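What follows is a set of notes on a single structure, which appears directly below.
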Amino acid sequence: MPAPAPSPQQLDRPALERAVEAALGTVLDPCSIAAANPLSLPDMGLIQRWDYDPATRMLSVVLIVTSPACFLVEDMIDGIRRSLEGLDAVDAVHVEVDAAARWTPDMVSPAGQASLERRRAHARRRLGLRPQQWREASPGAATRARSTAAPRPAAS
Amino acid sequence: MIEDIPVINGIVHAWNIADDNFTGRGPWNTGERIRADMIAWHEHWNLPGMSVPLEAYTTDWSAELIARTTFLESDADLAVHHHIHMESIFTNGLCSVEKNAEMVQRWPDRFVVYAGADPTAGVDQAIEYLKRQMDLIPETLGLKLYPAQVDPIRWFLMDDEKVFPLYEAARDLGIKVIAVHKAMPTGPIPMLPFKMDDIDGAANAFPDLNFEVVHGGMAFIEETSYQIARYPNVFTNFEVTSALLNSAPGWFEEIMAQFLFWGGAEKIIWGDGSPFVHPQPLLEKFWDFEIRDELLAKYNIPQITREDKAKILGGNYARMAGIDVEARLAKIADDELAQERRETGRQAPYSNWRRIAGVAPDATIDGVPAAGVAA
């Protein structure tokens, strides 16, 4: 027999919010995993909002994707469902994708931005990277032309 | 041409997304899922109201449709078309060899074509398939690769030495450019082969080939930036990325600023993958495009110039692929498309597709009559 629906008075909303945020925080964005810098869906800015209906004990989540071309959205939806279905107050999970929403990189959380920057700084050090260093190399099949968009000298 | 600047659309696609071209193989019926995403691109990444009906979109797009949309409805002078093999998902490929052949036969100075091959089916088999295409279309200048196939899911990495004989064969056959689809996974399959790391080994091992990373900036922006910064022979193609000018212009601006900083204007190839998105609004937006002061300061770069845009819109592609643009422009100056364009002016977005498909023209697009002839 399903648990009786909590009345609005019985629902511990702050506790539910903590539980939902923690659960969603365990779902990782597949592309960030591939980039060797795993970030959760909330850290990626991909959870637009969620709502809880105490009468039906249904949790509804609205997901956005980085582009309408995202081929991994089903995997993310599965991950969201699995993460939330175990919560005490939740009997059903509904996930909807807002295909019209526009994701931009600045929607990544501050913690996520910091994590990305740490990894990128490491890569730059490891590669000894300098902007447009291809111009110093033997040009091979590529062009020797100088860019009018070359970086300006740093101001002294 | 925009003013006096030649325009090369670095990728156009004559997709076959008709019902009978899906193998039905792969997880969650991969082909159907890819088509659903292609429909979403068309609906969401075009300007509002600029689209064709689903019954026209979910068909086998002809070479004629691509030529007329590209050269009569946009300011492109030349265009590049890839044979997209992907035979595990699409029965006759997503873009067939036959369309490459028709384009080169009918409009030899308008189109540049790339062969396709699938290294995951075995490198020897891929080489044989490439040779057959070169026999059929000796003008082929590039080779397009897709990193993964389905049923079973399998992939290759660009720096796998087992694949190098394919690059050697391509080079020996006169191929100038190896293009590889990256950043956007082709279905619910592992992301690993869509990462950028493997470009390094291939670019190092084959300095006499150019490597064109398609969909640059759609993911792994920094990784792509670091490659175009380091390797003279790595370029990034803006297919789909350019459509961000419609759908997320701030994101486009950030990508462009990063690529200009790390690689410079010479490493960016214009392309859009049209006609899933209409090419002309993107060209117009890019021609007017400027980077905001905040980003110029962030990357310590000067404002993008007309000369930079000329390189991106065609100069870079011409150098990368070894194309004599002036000679081609002279040859197309009076071809059938140029003659019609002179008579009608630039034609309205998707007017040719609607006519070919036999569907009614849109009444308006953003309040502008769409059925007639634009400026």
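In the structure tokens, chains take letters A, B, ... by order of appearance, with residues numbered from 1 within each chain and ligands from 1 in the order shown.
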Per residue of range 31-52 of chain A within 10 Å of range 85-109 of chain A, note the shortest atom pair and the distance in Å to one decimal, counting only C-alpha atoms, and order the rows by chain and increasing residue number, as a tab-separated table.
```
residue	atom	partner	partner_atom	distance
A:Leu39	CA	A:Val108	CA	9.1
A:Ser40	CA	A:Val108	CA	9.9
A:Leu41	CA	A:Val108	CA	9.3
A:Pro42	CA	A:Ser109	CA	7.7
A:Asp43	CA	A:Ser109	CA	4.9
A:Met44	CA	A:Val108	CA	4.5
A:Gly45	CA	A:Val108	CA	5.0
A:Leu46	CA	A:Trp103	CA	7.6
A:Ile47	CA	A:Val97	CA	9.5
A:Gln48	CA	A:Asp98	CA	8.4
A:Trp50	CA	A:Val95	CA	9.0
A:Asp51	CA	A:His94	CA	9.8
A:Tyr52	CA	A:Val90	CA	8.5
```
Next item on the list: Quick one: everything within 8 Å of Trp353 in chain B, counting only C-alpha atoms, minus sequence neighbours fewer than 5 positions away in the same chain. Send it as a list in words.
Entry: Val52, Ala56, Leu65 and Thr69 of chain B
Next item on the list: Define the interface residues of chain B facing chain A as those within 6 Å, counting only C-alpha atoms, and report them as a PyMOL selection string.
Entry: chain B and resi 37+40-41+187-188+191-192+208+229-233+251+262-264+301-302
Next item on the list: Write down as an MDAnalysis selection string the residues belonging to range 50-116 of chain A that are assigned strand (DSSP E or B) by DSSP computed on the backbone.
Entry: chainID A and resid 50:53 58:63 92:97
Keeping only C-alpha atoms, write the selected residues as a PDB file, in the first residue's frame.
```pdb
ATOM      1  CA  TRP A  50      11.539  21.225 -10.149  1.00  0.00           C
ATOM      2  CA  ASP A  51       8.149  21.098  -8.446  1.00  0.00           C
ATOM      3  CA  TYR A  52       6.604  18.726  -5.957  1.00  0.00           C
ATOM      4  CA  ASP A  53       2.917  17.899  -5.698  1.00  0.00           C
ATOM      5  CA  MET A  58       4.957  13.444  -7.852  1.00  0.00           C
ATOM      6  CA  LEU A  59       8.193  15.289  -8.437  1.00  0.00           C
ATOM      7  CA  SER A  60       8.347  17.104 -11.775  1.00  0.00           C
ATOM      8  CA  VAL A  61      11.719  18.169 -13.134  1.00  0.00           C
ATOM      9  CA  VAL A  62      12.370  20.434 -16.107  1.00  0.00           C
ATOM     10  CA  LEU A  63      15.680  19.697 -17.828  1.00  0.00           C
ATOM     11  CA  ALA A  92       6.573   9.267  -9.137  1.00  0.00           C
ATOM     12  CA  VAL A  93       9.043  11.320 -11.140  1.00  0.00           C
ATOM     13  CA  HIS A  94       8.203  13.215 -14.287  1.00  0.00           C
ATOM     14  CA  VAL A  95      11.019  14.687 -16.351  1.00  0.00           C
ATOM     15  CA  GLU A  96      10.351  17.160 -19.109  1.00  0.00           C
ATOM     16  CA  VAL A  97      12.862  18.727 -21.509  1.00  0.00           C
TER      17      VAL A  97
END
```
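Distances from A:Pro38, A:Arg57, A:Ile80, A:Arg13 to Arg119 in chain A were compared using only C-alpha atoms, and the smallest one belongs to A:Pro38.
One finds CA of Gly142 in chain B at 26.1 Å from CA of Ile189 in chain B.
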Checklist line | Test item: residues at most 7 Å from Ile178 in chain B, only C-alpha atoms, excluding those fewer than 6 positions along its chain, as a ChimeraX atom specification | finding: /B:142-144,210-212
Once you have the residues from the selection above, write them out as a tab-separated table (two decimals), in the first residue's frame, restricted to C-alpha atoms.
```
chain	number	residue	atom	x	y	z
B	142	GLY	CA	38.75	15.54	-48.72
B	143	LEU	CA	37.86	12.55	-46.61
B	144	LYS	CA	35.14	12.75	-43.96
B	210	ASN	CA	45.26	19.10	-42.95
B	211	PHE	CA	42.80	18.05	-40.26
B	212	GLU	CA	39.43	19.76	-40.09
```
Margin query: Residues within 7 Å of Phe22 in chain B, please, as a ChimeraX atom specification. Count only C-alpha atoms; anything in the same chain fewer than 4 positions from it doesn't count.
Written below: /B:31,89-91
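Rounded to one decimal, CA of Arg292 in chain B and CA of Glu253 in chain B lie 8.2 Å from each other.
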Checklist line | Selection near Ile11 in chain B, 12 Å with only C-alpha atoms, sequence-local residues under 5 positions removed, as JSON, numbers by chain | finding: {"B": [66, 70, 76, 78, 79, 80, 81, 82, 83, 84, 95, 111, 112, 113, 114, 142, 144, 179, 181, 212, 213, 214, 215, 236, 237, 238, 239, 240, 241, 242, 269, 270, 271, 272, 273, 274, 275, 276, 277, 279, 313, 314, 317]}
Note to self: Report, in Å to a single decimal, how far apart CA of Glu340 in chain B and CA of Pro281 in chain B are.
What the structure shows: 20.8 Å
Can you tell me, as a PDB file with C-alpha atoms, in the first residue's frame, which residues in range 51-152 of chain A count as alpha helix (DSSP H) by DSSP?
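Result file follows (states-v9.pdb):
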```
ATOM      1  CA  VAL A  73      19.188  13.406 -23.174  1.00  0.00           C
ATOM      2  CA  GLU A  74      17.558  10.022 -22.555  1.00  0.00           C
ATOM      3  CA  ASP A  75      20.512   8.972 -20.434  1.00  0.00           C
ATOM      4  CA  MET A  76      20.192  12.126 -18.369  1.00  0.00           C
ATOM      5  CA  ILE A  77      16.455  11.579 -17.923  1.00  0.00           C
ATOM      6  CA  ASP A  78      17.095   8.018 -16.769  1.00  0.00           C
ATOM      7  CA  GLY A  79      19.685   9.280 -14.319  1.00  0.00           C
ATOM      8  CA  ILE A  80      17.317  11.868 -12.895  1.00  0.00           C
ATOM      9  CA  ARG A  81      14.565   9.296 -12.448  1.00  0.00           C
ATOM     10  CA  ARG A  82      16.851   6.814 -10.749  1.00  0.00           C
ATOM     11  CA  SER A  83      18.253   9.450  -8.405  1.00  0.00           C
ATOM     12  CA  LEU A  84      14.846  10.690  -7.256  1.00  0.00           C
ATOM     13  CA  PRO A 110      30.654  28.960  -9.740  1.00  0.00           C
ATOM     14  CA  ALA A 111      31.906  25.649  -8.336  1.00  0.00           C
ATOM     15  CA  GLY A 112      31.687  24.097 -11.783  1.00  0.00           C
ATOM     16  CA  GLN A 113      33.494  27.050 -13.378  1.00  0.00           C
ATOM     17  CA  ALA A 114      36.269  26.744 -10.821  1.00  0.00           C
ATOM     18  CA  SER A 115      36.619  23.042 -11.471  1.00  0.00           C
ATOM     19  CA  LEU A 116      36.815  23.605 -15.220  1.00  0.00           C
ATOM     20  CA  GLU A 117      39.393  26.342 -14.856  1.00  0.00           C
ATOM     21  CA  ARG A 118      41.596  24.174 -12.632  1.00  0.00           C
ATOM     22  CA  ARG A 119      41.605  21.444 -15.235  1.00  0.00           C
ATOM     23  CA  ARG A 120      42.248  23.848 -18.093  1.00  0.00           C
ATOM     24  CA  ALA A 121      45.096  25.564 -16.273  1.00  0.00           C
ATOM     25  CA  HIS A 122      46.661  22.177 -15.722  1.00  0.00           C
ATOM     26  CA  ALA A 123      46.319  21.366 -19.417  1.00  0.00           C
ATOM     27  CA  ARG A 124      47.893  24.671 -20.416  1.00  0.00           C
ATOM     28  CA  ARG A 125      50.875  24.051 -18.149  1.00  0.00           C
ATOM     29  CA  ARG A 126      51.252  20.476 -19.318  1.00  0.00           C
ATOM     30  CA  LEU A 127      51.208  21.464 -22.983  1.00  0.00           C
TER      31      LEU A 127
END
```
Notebook entry, point to check: Quick one: residues within 10 Å of Ala170 in chain B, only C-alpha atoms counted, chain neighbours fewer than 2 positions away excluded, as a list of chain:residue names?
Noted result: B:Ala115, B:Ile127, B:Leu130, B:Lys131, B:Met134, B:Leu141, B:Gly142, B:Leu143, B:Phe164, B:Pro165, B:Leu166, B:Tyr167, B:Glu168, B:Asp172, B:Leu173, B:Gly174, B:Ile175, B:Lys176, B:Val177, B:Ile178, B:Leu209
